[in-house]
>>> print(open('my_file_35.txt').read())   # compact mmCIF, C-alpha atoms
# COMPACT_ATOMS: atom_id res chain seq x y z
CA MET A 1473 0.00 0.00 0.00
CA ARG A 1474 1.05 3.57 -0.69
CA PHE A 1475 0.22 6.61 1.40
CA LEU A 1476 -0.64 10.24 0.71
CA ALA A 1477 -0.96 13.08 3.18
CA ILE A 1478 -3.61 15.56 2.05
CA THR A 1479 -5.02 18.91 3.10
CA LEU A 1480 -8.08 20.91 2.11
CA ILE A 1481 -6.51 23.91 3.90
CA VAL A 1482 -9.37 24.38 6.33
CA HIS A 1483 -9.17 27.81 7.96
CA ALA A 1484 -11.05 27.60 11.24
CA PRO A 1485 -10.35 28.46 14.88
CA ASP A 1486 -8.29 25.95 16.83
CA PRO A 1487 -10.83 23.78 18.69
CA ARG A 1488 -8.72 23.87 21.86
CA THR A 1489 -7.80 27.57 21.99
CA GLY A 1490 -10.32 29.30 19.72
CA VAL A 1491 -7.44 31.11 17.95
CA LEU A 1492 -7.72 31.62 14.19
CA LYS A 1493 -4.32 31.68 12.49
CA PRO A 1494 -3.56 34.45 9.99
CA VAL A 1495 -3.99 33.33 6.39
CA THR A 1496 -0.27 33.71 5.64
CA GLU A 1497 0.68 31.48 8.55
CA ARG A 1498 -1.92 28.87 7.65
CA LEU A 1499 -0.64 28.61 4.07
CA ARG A 1500 2.97 28.41 5.24
CA ASP A 1501 1.96 25.58 7.56
CA VAL A 1502 0.73 23.60 4.55
CA VAL A 1503 4.14 23.85 2.89
CA GLU A 1504 5.91 22.77 6.09
CA HIS A 1505 3.55 19.80 6.44
CA ALA A 1506 4.48 18.73 2.90
CA VAL A 1507 8.18 18.97 3.72
CA LEU A 1508 7.56 16.86 6.83
CA ALA A 1509 5.54 14.31 4.85
CA GLU A 1510 8.44 13.83 2.45
CA ARG A 1511 10.92 13.54 5.32
CA LEU A 1512 8.78 10.90 7.04
CA GLY A 1513 8.44 8.80 3.88
CA PHE A 1514 4.94 9.50 2.53
CA ASP A 1515 4.57 8.67 -1.14
CA GLY A 1516 2.52 11.75 -2.01
CA PHE A 1517 1.13 15.04 -0.75
CA GLY A 1518 -2.23 16.37 -1.92
CA VAL A 1519 -3.89 19.79 -1.87
CA GLY A 1520 -7.63 20.03 -2.38
CA GLU A 1521 -9.55 22.65 -4.29
CA ARG A 1522 -12.41 24.55 -2.68
CA HIS A 1523 -13.81 28.00 -3.38
CA GLU A 1524 -15.77 28.83 -0.24
CA ARG A 1525 -15.48 29.05 3.54
CA PRO A 1526 -13.87 27.61 5.59
CA PHE A 1527 -11.22 26.68 3.01
CA LEU A 1528 -8.15 28.49 1.64
CA SER A 1529 -7.50 25.95 -1.13
CA SER A 1530 -8.75 27.94 -4.14
CA SER A 1531 -5.39 27.73 -5.96
CA PRO A 1532 -3.77 24.27 -5.69
CA PRO A 1533 -1.25 24.83 -8.53
CA VAL A 1534 0.23 27.84 -6.71
CA VAL A 1535 0.51 25.99 -3.39
CA LEU A 1536 1.89 22.85 -5.04
CA ALA A 1537 4.45 24.87 -7.00
CA HIS A 1538 5.83 26.24 -3.75
CA ILE A 1539 5.85 22.73 -2.28
CA ALA A 1540 7.67 21.49 -5.39
CA ALA A 1541 10.44 24.01 -4.70
CA ARG A 1542 10.81 22.78 -1.11
CA THR A 1543 10.76 19.03 -1.85
CA SER A 1544 12.53 16.70 -4.24
CA ALA A 1545 10.88 13.28 -4.41
CA ILE A 1546 7.34 13.19 -3.03
CA ARG A 1547 4.53 12.94 -5.63
CA LEU A 1548 2.27 16.00 -5.75
CA PHE A 1549 -1.50 15.48 -5.99
CA THR A 1550 -4.59 17.61 -6.36
CA ALA A 1551 -7.51 16.46 -4.25
CA VAL A 1552 -9.55 17.33 -6.24
CA THR A 1553 -9.19 19.58 -9.29
CA THR A 1554 -12.74 20.81 -9.91
CA LEU A 1555 -12.95 20.67 -13.69
CA SER A 1556 -16.67 21.47 -13.62
CA LEU A 1557 -15.70 25.00 -12.51
CA LEU A 1558 -12.57 25.58 -14.58
CA ASP A 1559 -11.66 26.34 -18.16
CA PRO A 1560 -9.83 23.10 -19.07
CA VAL A 1561 -7.35 25.02 -21.26
CA ARG A 1562 -6.32 27.31 -18.40
CA ALA A 1563 -6.22 24.37 -15.99
CA TYR A 1564 -3.98 22.49 -18.40
CA GLU A 1565 -1.59 25.45 -18.69
CA ASP A 1566 -1.28 25.73 -14.90
CA TYR A 1567 -0.70 22.04 -14.33
CA ALA A 1568 1.62 21.48 -17.28
CA THR A 1569 3.77 24.30 -15.90
CA LEU A 1570 3.67 22.71 -12.45
CA ASP A 1571 4.62 19.37 -13.99
CA HIS A 1572 7.87 20.93 -15.24
CA LEU A 1573 8.58 22.82 -12.04
CA SER A 1574 8.15 19.64 -9.99
CA GLY A 1575 10.36 17.56 -12.25
CA GLY A 1576 7.46 15.37 -13.39
CA ARG A 1577 6.04 14.59 -9.94
CA LEU A 1578 2.47 15.74 -10.60
CA GLU A 1579 -0.65 13.57 -10.37
CA LEU A 1580 -4.19 14.89 -10.66
CA ILE A 1581 -7.38 13.82 -8.95
CA ILE A 1582 -10.33 15.45 -10.71
CA GLY A 1583 -13.98 15.81 -9.82
CA LYS A 1584 -16.97 18.10 -10.12
CA GLY A 1585 -16.47 19.59 -6.64
CA ASN A 1586 -18.94 20.24 -3.84
CA GLY A 1587 -20.69 23.27 -2.44
CA THR A 1588 -23.38 25.67 -3.60
CA ALA A 1589 -21.30 28.79 -2.97
CA GLN A 1590 -18.51 27.78 -5.33
CA ALA A 1591 -21.02 26.73 -8.00
CA ALA A 1592 -22.63 30.17 -7.81
CA LEU A 1593 -19.20 31.85 -7.95
CA PHE A 1594 -18.47 30.17 -11.29
CA ASP A 1595 -22.06 30.17 -12.63
CA VAL A 1596 -22.36 26.38 -12.58
CA THR A 1597 -25.74 24.77 -11.92
CA ALA A 1598 -26.83 21.40 -10.61
CA GLU A 1599 -28.23 20.71 -14.06
CA ASP A 1600 -24.99 21.28 -15.98
CA GLN A 1601 -22.19 20.46 -13.51
CA TRP A 1602 -21.82 16.83 -14.57
CA ASP A 1603 -21.86 17.73 -18.25
CA ARG A 1604 -19.23 20.40 -17.59
CA ASN A 1605 -17.09 17.90 -15.70
CA ARG A 1606 -17.31 15.30 -18.49
CA GLU A 1607 -16.73 17.78 -21.32
CA GLY A 1608 -13.94 19.52 -19.45
CA TYR A 1609 -12.15 16.26 -18.82
CA GLU A 1610 -12.44 15.09 -22.42
CA LEU A 1611 -10.73 18.28 -23.61
CA PHE A 1612 -8.27 18.31 -20.71
CA ARG A 1613 -7.27 14.73 -21.57
CA ARG A 1614 -6.61 15.59 -25.20
CA LEU A 1615 -4.50 18.62 -24.31
CA TRP A 1616 -2.03 16.40 -22.44
CA ARG A 1617 -1.69 14.07 -25.43
CA GLU A 1618 -1.92 16.19 -28.58
CA ASP A 1619 0.33 19.03 -29.76
CA ALA A 1620 -2.48 20.71 -31.73
CA VAL A 1621 -6.11 20.28 -30.71
CA THR A 1622 -9.25 20.86 -32.74
CA TRP A 1623 -12.33 20.69 -30.52
CA TRP A 1624 -15.80 22.07 -29.92
CA GLY A 1625 -18.27 21.75 -27.10
CA LYS A 1626 -21.00 23.57 -25.18
CA HIS A 1627 -19.17 25.24 -22.31
CA ARG A 1628 -16.17 27.05 -23.84
CA PRO A 1629 -15.19 28.48 -27.25
CA PRO A 1630 -14.04 25.92 -29.87
CA LEU A 1631 -10.40 25.25 -30.68
CA ASP A 1632 -8.91 25.00 -34.18
CA ARG A 1633 -5.52 23.30 -34.20
CA ALA A 1634 -4.75 25.11 -30.97
CA GLU A 1635 -1.23 24.80 -29.56
CA VAL A 1636 -1.36 25.10 -25.79
CA LEU A 1637 1.95 25.67 -24.01
CA PRO A 1638 3.99 24.48 -22.31
CA ARG A 1639 3.90 20.92 -23.52
CA PRO A 1640 4.04 18.67 -20.44
CA LEU A 1641 7.01 16.87 -19.00
CA GLN A 1642 4.96 13.73 -18.35
CA ARG A 1643 3.10 12.50 -21.40
CA PRO A 1644 0.55 12.07 -20.09
CA VAL A 1645 0.15 12.95 -16.44
CA ARG A 1646 -1.84 10.32 -14.52
CA VAL A 1647 -5.39 11.44 -13.73
CA TRP A 1648 -7.48 9.87 -10.98
CA HIS A 1649 -11.22 10.45 -10.68
CA GLY A 1650 -12.34 11.44 -7.21
CA SER A 1651 -15.81 10.38 -6.17
CA ALA A 1652 -17.87 10.32 -3.00
CA THR A 1653 -21.16 8.85 -4.16
CA SER A 1654 -21.56 9.65 -7.85
CA LYS A 1655 -21.73 7.01 -10.55
CA GLU A 1656 -21.05 9.75 -13.12
CA SER A 1657 -17.43 10.09 -11.96
CA VAL A 1658 -17.06 6.33 -11.78
CA GLU A 1659 -18.34 5.92 -15.33
CA LEU A 1660 -15.90 8.52 -16.64
CA ALA A 1661 -12.97 6.80 -14.91
CA ALA A 1662 -13.97 3.34 -16.14
CA ARG A 1663 -14.60 4.50 -19.69
CA TYR A 1664 -11.14 5.99 -20.08
CA GLY A 1665 -9.30 3.34 -18.06
CA ASP A 1666 -8.30 5.80 -15.31
CA PRO A 1667 -7.86 5.08 -11.59
CA LEU A 1668 -10.57 5.90 -9.05
CA PHE A 1669 -10.08 7.64 -5.70
CA SER A 1670 -12.97 7.04 -3.32
CA ALA A 1671 -13.56 9.82 -0.80
CA ASN A 1672 -14.37 7.29 1.96
CA VAL A 1673 -14.66 10.06 4.55
CA THR A 1674 -18.19 11.10 5.52
CA ASN A 1675 -20.10 7.80 5.70
CA PRO A 1676 -19.58 4.18 6.75
CA VAL A 1677 -17.89 2.01 4.16
CA GLU A 1678 -21.00 0.56 2.47
CA PRO A 1679 -21.81 3.30 -0.09
CA TYR A 1680 -18.14 3.61 -1.04
CA ALA A 1681 -17.78 -0.15 -1.46
CA GLU A 1682 -20.87 -0.16 -3.68
CA LEU A 1683 -19.37 2.59 -5.82
CA VAL A 1684 -16.01 0.82 -6.15
CA ALA A 1685 -17.77 -2.40 -7.15
CA HIS A 1686 -19.67 -0.44 -9.80
CA TYR A 1687 -16.36 1.00 -11.06
CA ARG A 1688 -14.89 -2.48 -11.45
CA GLU A 1689 -18.00 -3.66 -13.30
CA ARG A 1690 -17.93 -0.71 -15.68
CA TRP A 1691 -14.17 -1.08 -16.11
CA ALA A 1692 -14.67 -4.61 -17.43
CA HIS A 1693 -17.68 -3.50 -19.51
CA HIS A 1694 -15.45 -1.00 -21.34
CA GLY A 1695 -13.02 -3.78 -22.23
CA HIS A 1696 -10.22 -3.10 -19.76
CA ASP A 1697 -8.32 -5.88 -18.02
CA PRO A 1698 -9.80 -6.22 -14.48
CA ALA A 1699 -6.28 -6.65 -13.12
CA ASP A 1700 -5.42 -3.11 -14.24
CA ALA A 1701 -8.12 -1.34 -12.23
CA LEU A 1702 -6.56 0.90 -9.58
CA VAL A 1703 -8.38 2.27 -6.52
CA GLY A 1704 -7.40 4.73 -3.82
CA ALA A 1705 -9.42 5.64 -0.73
CA GLY A 1706 -9.46 8.36 1.88
CA SER A 1707 -9.71 8.35 5.66
CA ALA A 1708 -11.58 10.70 7.96
CA GLY A 1709 -8.89 11.51 10.53
CA LEU A 1710 -5.63 10.30 12.01
CA CYS A 1711 -4.43 9.98 15.58
CA VAL A 1712 -2.09 7.09 16.38
CA ALA A 1713 -0.73 6.64 19.90
CA PRO A 1714 0.92 3.74 21.73
CA ARG A 1715 -2.26 3.36 23.84
CA SER A 1716 -5.63 3.43 22.11
CA GLN A 1717 -7.29 5.18 25.07
CA ASP A 1718 -4.88 8.10 24.74
CA ALA A 1719 -5.52 8.41 21.00
CA VAL A 1720 -9.29 8.55 21.52
CA GLU A 1721 -9.15 11.17 24.26
CA VAL A 1722 -6.70 13.36 22.35
CA TYR A 1723 -8.84 13.17 19.24
CA ARG A 1724 -12.19 13.74 20.98
CA PRO A 1725 -12.10 17.59 20.90
CA VAL A 1726 -11.04 17.49 17.24
CA PHE A 1727 -14.03 15.30 16.40
CA GLU A 1728 -16.43 17.46 18.40
CA ALA A 1729 -15.16 20.63 16.70
CA ARG A 1730 -15.72 19.02 13.30
CA GLN A 1731 -19.26 18.06 14.29
CA ALA A 1732 -19.93 21.65 15.27
CA LEU A 1733 -18.52 22.88 11.94
CA PHE A 1734 -20.84 20.51 10.08
CA ARG A 1735 -23.85 21.83 11.98
CA ARG A 1736 -22.90 25.46 11.34
CA ASN A 1737 -22.73 24.66 7.63
CA GLY A 1738 -26.12 22.97 7.66
CA VAL A 1739 -24.75 19.42 7.40
CA THR A 1740 -26.21 16.71 9.63
CA PRO A 1741 -23.35 14.65 11.13
CA VAL A 1742 -23.39 10.96 10.33
CA PHE A 1743 -21.73 9.73 13.52
CA ASP A 1744 -23.01 10.41 17.04
CA SER A 1745 -19.71 10.32 18.91
CA VAL A 1746 -16.00 9.79 18.39
CA GLU A 1747 -16.47 6.16 19.46
CA ASP A 1748 -19.18 5.74 16.82
CA ALA A 1749 -16.95 7.31 14.16
CA ILE A 1750 -14.09 4.97 15.06
CA ALA A 1751 -16.36 1.91 15.03
CA ARG A 1752 -18.30 2.64 11.83
CA GLY A 1753 -16.23 5.19 9.94
CA SER A 1754 -12.81 5.43 8.34
CA ALA A 1755 -11.10 7.54 11.03
CA LEU A 1756 -7.76 5.96 11.96
CA ILE A 1757 -7.80 6.54 15.72
CA GLY A 1758 -6.08 4.14 18.10
CA SER A 1759 -2.97 2.07 18.61
CA PRO A 1760 -0.82 1.05 15.63
CA GLN A 1761 -2.34 -2.46 15.62
CA GLN A 1762 -5.87 -1.10 15.71
CA VAL A 1763 -5.13 1.16 12.74
CA ILE A 1764 -3.54 -1.73 10.83
CA ASP A 1765 -6.57 -3.92 11.49
CA LYS A 1766 -9.00 -1.22 10.35
CA VAL A 1767 -7.14 -0.58 7.09
CA HIS A 1768 -7.21 -4.32 6.40
CA ARG A 1769 -10.98 -4.38 6.97
CA TYR A 1770 -11.46 -1.51 4.57
CA HIS A 1771 -9.14 -3.09 2.03
CA ASP A 1772 -11.28 -6.24 2.13
CA ARG A 1773 -14.24 -4.09 1.01
CA LEU A 1774 -12.53 -1.64 -1.36
CA GLY A 1775 -9.43 -3.39 -2.66
CA HIS A 1776 -7.56 -0.10 -2.56
CA GLU A 1777 -3.79 0.17 -3.03
CA VAL A 1778 -3.42 3.84 -2.10
CA MET A 1779 -4.76 5.62 0.98
CA HIS A 1780 -4.69 9.20 2.16
CA VAL A 1781 -4.43 10.47 5.71
CA GLN A 1782 -4.88 13.95 7.15
CA ALA A 1783 -1.78 16.11 6.68
CA ASP A 1784 -2.91 18.86 9.06
CA PRO A 1785 -3.02 18.76 12.86
CA ASP A 1786 -6.75 19.36 12.43
CA GLY A 1787 -6.94 20.59 16.02
CA LEU A 1788 -4.38 18.23 17.55
CA PRO A 1789 -1.50 19.91 19.41
CA ALA A 1790 1.39 20.22 16.94
CA ASP A 1791 3.70 17.92 18.90
CA LEU A 1792 1.06 15.17 19.14
CA HIS A 1793 0.23 15.51 15.45
CA ARG A 1794 3.86 15.03 14.51
CA ALA A 1795 4.20 12.11 16.94
CA SER A 1796 1.12 10.53 15.36
CA LEU A 1797 2.55 10.85 11.83
CA GLU A 1798 5.90 9.48 12.98
CA LEU A 1799 4.26 6.50 14.69
CA PHE A 1800 2.12 5.87 11.61
CA GLN A 1801 5.21 5.75 9.42
CA SER A 1802 7.31 3.69 11.83
CA ASP A 1803 4.74 1.13 13.05
CA VAL A 1804 1.76 1.17 10.67
CA ALA A 1805 2.90 1.95 7.14
CA PRO A 1806 5.65 -0.72 6.92
CA VAL A 1807 3.20 -3.47 7.89
CA LEU A 1808 0.59 -2.32 5.40
CA ARG A 1809 3.17 -1.91 2.63
CA ARG A 1810 4.17 -5.52 3.24
CA ASP A 1811 0.65 -6.94 3.60
CA ILE A 1812 -1.10 -5.10 0.76
CA PRO A 1813 0.84 -5.15 -2.53
CA SER A 1814 0.62 -1.98 -4.62
CA ARG A 1815 1.87 -0.97 -8.01
CA PRO A 1816 4.68 1.60 -8.10
CA PHE A 1817 3.87 5.24 -8.68
CA PRO A 1818 5.11 6.69 -11.98
CA SER A 1819 8.77 7.63 -11.99
CA ALA A 1820 9.76 11.20 -12.77
CA PRO A 1821 10.98 11.44 -16.37
CA THR A 1822 14.71 11.10 -16.87
CA ALA A 1823 16.66 13.86 -18.57
CA ALA A 1824 16.87 11.78 -21.74
CA GLY A 1825 13.14 11.15 -21.77
CA ARG A 1826 11.99 14.71 -21.26
CA HIS A 1827 10.09 16.51 -23.94
CA PRO A 1828 10.84 20.02 -25.12
>>> encode(input="my_file_35.txt", output="structure tokens")
Amino acid sequence: MRFLAITLIVHAPDPRTGVLKPVTERLRDVVEHAVLAERLGFDGFGVGERHERPFLSSSPPVVLAHIAARTSAIRLFTAVTTLSLLDPVRAYEDYATLDHLSGGRLELIIGKGNGTAQAALFDVTAEDQWDRNREGYELFRRLWREDAVTWWGKHRPPLDRAEVLPRPLQRPVRVWHGSATSKESVELAARYGDPLFSANVTNPVEPYAELVAHYRERWAHHGHDPADALVGAGSAGLCVAPRSQDAVEVYRPVFEARQALFRRNGVTPVFDSVEDAIARGSALIGSPQQVIDKVHRYHDRLGHEVMHVQADPDGLPADLHRASLELFQSDVAPVLRRDIPSRPFPSAPTAAGRHP
């Protein structure tokens, strides 16, 4: 198994102190967390894309470019790139540039995005968001593969043998399709033979397992070898401690603050308590062995080879957050890497293989 640390760059008061960090400090924290993730041995670092409160993640390519300058080996992910909101030509230009600046370490997770505020900001409706996502991806995909593109669609001006620069370093970059509950994203991934990243955060495992099973069915329907299907999955929180009781009590205020945030945003929480979330959800809270056992249970349902964990303290004291990440990498990750085989991530292009 391979592991990503991700952030949506939530900007909210610390649940213990009530202090809200300045924006500059919060963004600098993200870069430092990426540097730490590389130092600890994570395979990738992801930055989400959101365009509304309480997030500061409206510009992943800018944040990831700064991370690229501070790191040398870790893969850089978006989580997710909201193609339903973006001009695919402009998105391609940003990410192709980032691909060069990172030395070919970029991977993309795309999706339609969530939230009514961001849809209104970009004049996207519930009726057209899926069509925009599909159309945007079809053009985006061609831009990575073709030097001159002729194209027409409904949601942007047509292209006539358009040359879009720079040409990428990776040809093509790997694109995952992020999905929480939508069969539309699954169908797009299966049709094009792309990997799927299941959100696996808000609910118990059952709806995510159903969606992954549907992906595998559609993958075979489109004529792809079932052995080539690739699945990643998220997790709802991380707190690993030598004693499970300590992990639960340290994480409890973090969980309760998140529940309060859901309620303020009009979202009904799924889990009643931190104990309920640990028992029925994907939060990785407990001793190393408990976390290992839970990931195995989820793997039995999802068959995933890649998993993400929370990169941010998320309300944990900074020293305990770092200790949790260190314990995860020393006592959890090696066991899961051994027990759950995974295919290697793409290698950065060599100097000889790079394109002009």
>>> closest_residue(input="my_file_35.txt", among="A:Arg1639, A:His1696, A:Arg1794, A:His1768", to="Glu1565 in chain A", atoms="only C-alpha atoms")
A:Arg1639
>>> atom_distance(input="my_file_35.txt", atom1="CA of Lys1584 in chain A", atom2="CA of Ser1531 in chain A")
15.6 Å
>>> closest_residue(input="my_file_35.txt", among="A:Gly1738, A:Pro1640, A:Gly1787, A:Gly1706", to="Ala1755 in chain A", atoms="only C-alpha atoms")
A:Gly1706
>>> closest_residue(input="my_file_35.txt", among="A:Ala1705, A:Asp1603, A:Ala1681, A:Arg1614", to="Tyr1664 in chain A", atoms="all atoms listed in the file")
A:Arg1614
>>> residues_around(input="my_file_35.txt", residues="Tyr1680 in chain A", least_positions_apart="4", cutoff="8 Å", atoms="all atoms listed in the file", output="ChimeraX atom specification")
/A:1652-1653,1670-1672,1676,1684,1774
>>> closest_residue(input="my_file_35.txt", among="A:Leu1557, A:Val1636, A:His1538, A:Gln1761", to="Thr1597 in chain A", atoms="only C-alpha atoms")
A:Leu1557
>>> residues_near_point(input="my_file_35.txt", point="(-1.7, 6.0, 0.0)", cutoff="9 Å", atoms="only C-alpha atoms", output="list in words")
Met1473, Arg1474, Phe1475, Leu1476, Ala1477, Phe1514, Asp1515, Gly1516, Gly1704, Ala1705, Gly1706, His1776, Glu1777, Val1778, Met1779, His1780 and Val1781 of chain A
>>> closest_residue(input="my_file_35.txt", among="A:Val1673, A:Val1739, A:Ala1708, A:Ala1551", to="Gly1587 in chain A", atoms="all atoms listed in the file")
A:Val1739
>>> atom_distance(input="my_file_35.txt", atom1="CA of Glu1599 in chain A", atom2="CA of Glu1656 in chain A")
13.1 Å
>>> atom_distance(input="my_file_35.txt", atom1="CA of Lys1766 in chain A", atom2="CA of Arg1752 in chain A")
10.2 Å
>>> closest_residue(input="my_file_35.txt", among="A:Arg1773, A:Arg1522, A:Arg1613, A:Arg1606", to="Ala1591 in chain A", atoms="only C-alpha atoms")
A:Arg1522
>>> residues_around(input="my_file_35.txt", residues="Leu1548 in chain A", least_positions_apart="4", cutoff="7 Å", atoms="only C-alpha atoms", output="PyMOL selection string")
chain A and resi 1516-1518+1536+1577-1579
>>> write_last_selection(input="my_file_35.txt", atoms="C-alpha atoms", output="short mmCIF file (atom, residue, chain, number, x, y, z; two decimals), in the coordinates of the input")
data_model
loop_
_atom_site.label_atom_id
_atom_site.label_comp_id
_atom_site.auth_asym_id
_atom_site.auth_seq_id
_atom_site.Cartn_x
_atom_site.Cartn_y
_atom_site.Cartn_z
CA GLY A 1516 2.52 11.75 -2.01
CA PHE A 1517 1.13 15.04 -0.75
CA GLY A 1518 -2.23 16.37 -1.92
CA LEU A 1536 1.89 22.85 -5.04
CA ARG A 1577 6.04 14.59 -9.94
CA LEU A 1578 2.47 15.74 -10.60
CA GLU A 1579 -0.65 13.57 -10.37
#
>>> residues_around(input="my_file_35.txt", residues="His1649 in chain A", least_positions_apart="5", cutoff="7 Å", atoms="all atoms listed in the file", output="MDAnalysis selection string")
chainID A and resid 1581:1583 1657 1661 1667:1669
>>> residues_around(input="my_file_35.txt", residues="Ala1820 in chain A", least_positions_apart="4", cutoff="8 Å", atoms="only C-alpha atoms", output="NGL selection string")
:A and (1575-1577 or 1642)
>>> residues_around(input="my_file_35.txt", residues="Val1763 in chain A", least_positions_apart="2", cutoff="12 Å", atoms="only C-alpha atoms", output="PyMOL selection string")
chain A and resi 1707+1709-1716+1719+1750-1751+1754-1761+1765-1770+1781+1796+1799-1801+1803-1805+1807-1808
>>> decode(input="my_file_35.txt", residues="range 1614-1621 of chain A", atoms="all heavy atoms", output="mmCIF file, in the first residue's frame")
data_model
loop_
_atom_site.group_PDB
_atom_site.id
_atom_site.type_symbol
_atom_site.label_atom_id
_atom_site.label_comp_id
_atom_site.auth_asym_id
_atom_site.auth_seq_id
_atom_site.Cartn_x
_atom_site.Cartn_y
_atom_site.Cartn_z
ATOM 1 N N ARG A 1614 -7.227 15.442 -23.885
ATOM 2 C CA ARG A 1614 -6.605 15.590 -25.201
ATOM 3 C C ARG A 1614 -5.443 16.575 -25.167
ATOM 4 O O ARG A 1614 -4.434 16.395 -25.863
ATOM 5 C CB ARG A 1614 -7.648 16.036 -26.213
ATOM 6 C CG ARG A 1614 -8.652 14.936 -26.592
ATOM 7 C CD ARG A 1614 -9.594 15.398 -27.675
ATOM 8 N NE ARG A 1614 -8.863 15.771 -28.880
ATOM 9 C CZ ARG A 1614 -9.403 16.373 -29.934
ATOM 10 N NH1 ARG A 1614 -10.699 16.682 -29.920
ATOM 11 N NH2 ARG A 1614 -8.668 16.672 -30.999
ATOM 12 N N LEU A 1615 -5.568 17.625 -24.371
ATOM 13 C CA LEU A 1615 -4.501 18.618 -24.306
ATOM 14 C C LEU A 1615 -3.192 18.031 -23.819
ATOM 15 O O LEU A 1615 -2.111 18.467 -24.239
ATOM 16 C CB LEU A 1615 -4.931 19.773 -23.399
ATOM 17 C CG LEU A 1615 -6.060 20.662 -23.938
ATOM 18 C CD1 LEU A 1615 -6.603 21.580 -22.842
ATOM 19 C CD2 LEU A 1615 -5.575 21.497 -25.122
ATOM 20 N N TRP A 1616 -3.249 17.047 -22.927
ATOM 21 C CA TRP A 1616 -2.031 16.404 -22.440
ATOM 22 C C TRP A 1616 -1.390 15.518 -23.493
ATOM 23 O O TRP A 1616 -0.187 15.224 -23.417
ATOM 24 C CB TRP A 1616 -2.329 15.563 -21.192
ATOM 25 C CG TRP A 1616 -2.553 16.390 -19.970
ATOM 26 C CD1 TRP A 1616 -3.748 16.810 -19.473
ATOM 27 C CD2 TRP A 1616 -1.554 16.923 -19.098
ATOM 28 N NE1 TRP A 1616 -3.564 17.577 -18.345
ATOM 29 C CE2 TRP A 1616 -2.225 17.661 -18.086
ATOM 30 C CE3 TRP A 1616 -0.164 16.853 -19.066
ATOM 31 C CZ2 TRP A 1616 -1.549 18.316 -17.073
ATOM 32 C CZ3 TRP A 1616 0.507 17.504 -18.037
ATOM 33 C CH2 TRP A 1616 -0.174 18.228 -17.060
ATOM 34 N N ARG A 1617 -2.162 15.077 -24.492
ATOM 35 C CA ARG A 1617 -1.693 14.067 -25.430
ATOM 36 C C ARG A 1617 -1.425 14.578 -26.840
ATOM 37 O O ARG A 1617 -0.724 13.915 -27.609
ATOM 38 C CB ARG A 1617 -2.726 12.924 -25.506
ATOM 39 C CG ARG A 1617 -2.789 12.091 -24.246
ATOM 40 C CD ARG A 1617 -4.047 11.231 -24.185
ATOM 41 N NE ARG A 1617 -3.982 10.266 -23.085
ATOM 42 C CZ ARG A 1617 -4.211 10.549 -21.821
ATOM 43 N NH1 ARG A 1617 -4.543 11.789 -21.476
ATOM 44 N NH2 ARG A 1617 -4.111 9.621 -20.888
ATOM 45 N N GLU A 1618 -1.997 15.718 -27.202
ATOM 46 C CA GLU A 1618 -1.921 16.191 -28.582
ATOM 47 C C GLU A 1618 -1.257 17.563 -28.638
ATOM 48 O O GLU A 1618 -1.568 18.442 -27.835
ATOM 49 C CB GLU A 1618 -3.316 16.269 -29.188
ATOM 50 C CG GLU A 1618 -4.056 14.934 -29.192
ATOM 51 C CD GLU A 1618 -5.487 15.081 -29.685
ATOM 52 O OE1 GLU A 1618 -5.761 16.017 -30.478
ATOM 53 O OE2 GLU A 1618 -6.346 14.271 -29.264
ATOM 54 N N ASP A 1619 -0.374 17.758 -29.624
ATOM 55 C CA ASP A 1619 0.326 19.035 -29.758
ATOM 56 C C ASP A 1619 -0.546 20.120 -30.368
ATOM 57 O O ASP A 1619 -0.290 21.312 -30.160
ATOM 58 C CB ASP A 1619 1.588 18.851 -30.601
ATOM 59 C CG ASP A 1619 2.637 18.017 -29.883
ATOM 60 O OD1 ASP A 1619 2.600 17.960 -28.641
ATOM 61 O OD2 ASP A 1619 3.487 17.413 -30.566
ATOM 62 N N ALA A 1620 -1.545 19.746 -31.147
ATOM 63 C CA ALA A 1620 -2.478 20.710 -31.735
ATOM 64 C C ALA A 1620 -3.878 20.115 -31.638
ATOM 65 O O ALA A 1620 -4.108 18.998 -32.120
ATOM 66 C CB ALA A 1620 -2.120 21.012 -33.184
ATOM 67 N N VAL A 1621 -4.795 20.827 -31.030
ATOM 68 C CA VAL A 1621 -6.112 20.276 -30.715
ATOM 69 C C VAL A 1621 -7.203 21.052 -31.443
ATOM 70 O O VAL A 1621 -7.266 22.289 -31.359
ATOM 71 C CB VAL A 1621 -6.375 20.333 -29.195
ATOM 72 C CG1 VAL A 1621 -7.794 19.860 -28.872
ATOM 73 C CG2 VAL A 1621 -5.348 19.477 -28.452
#
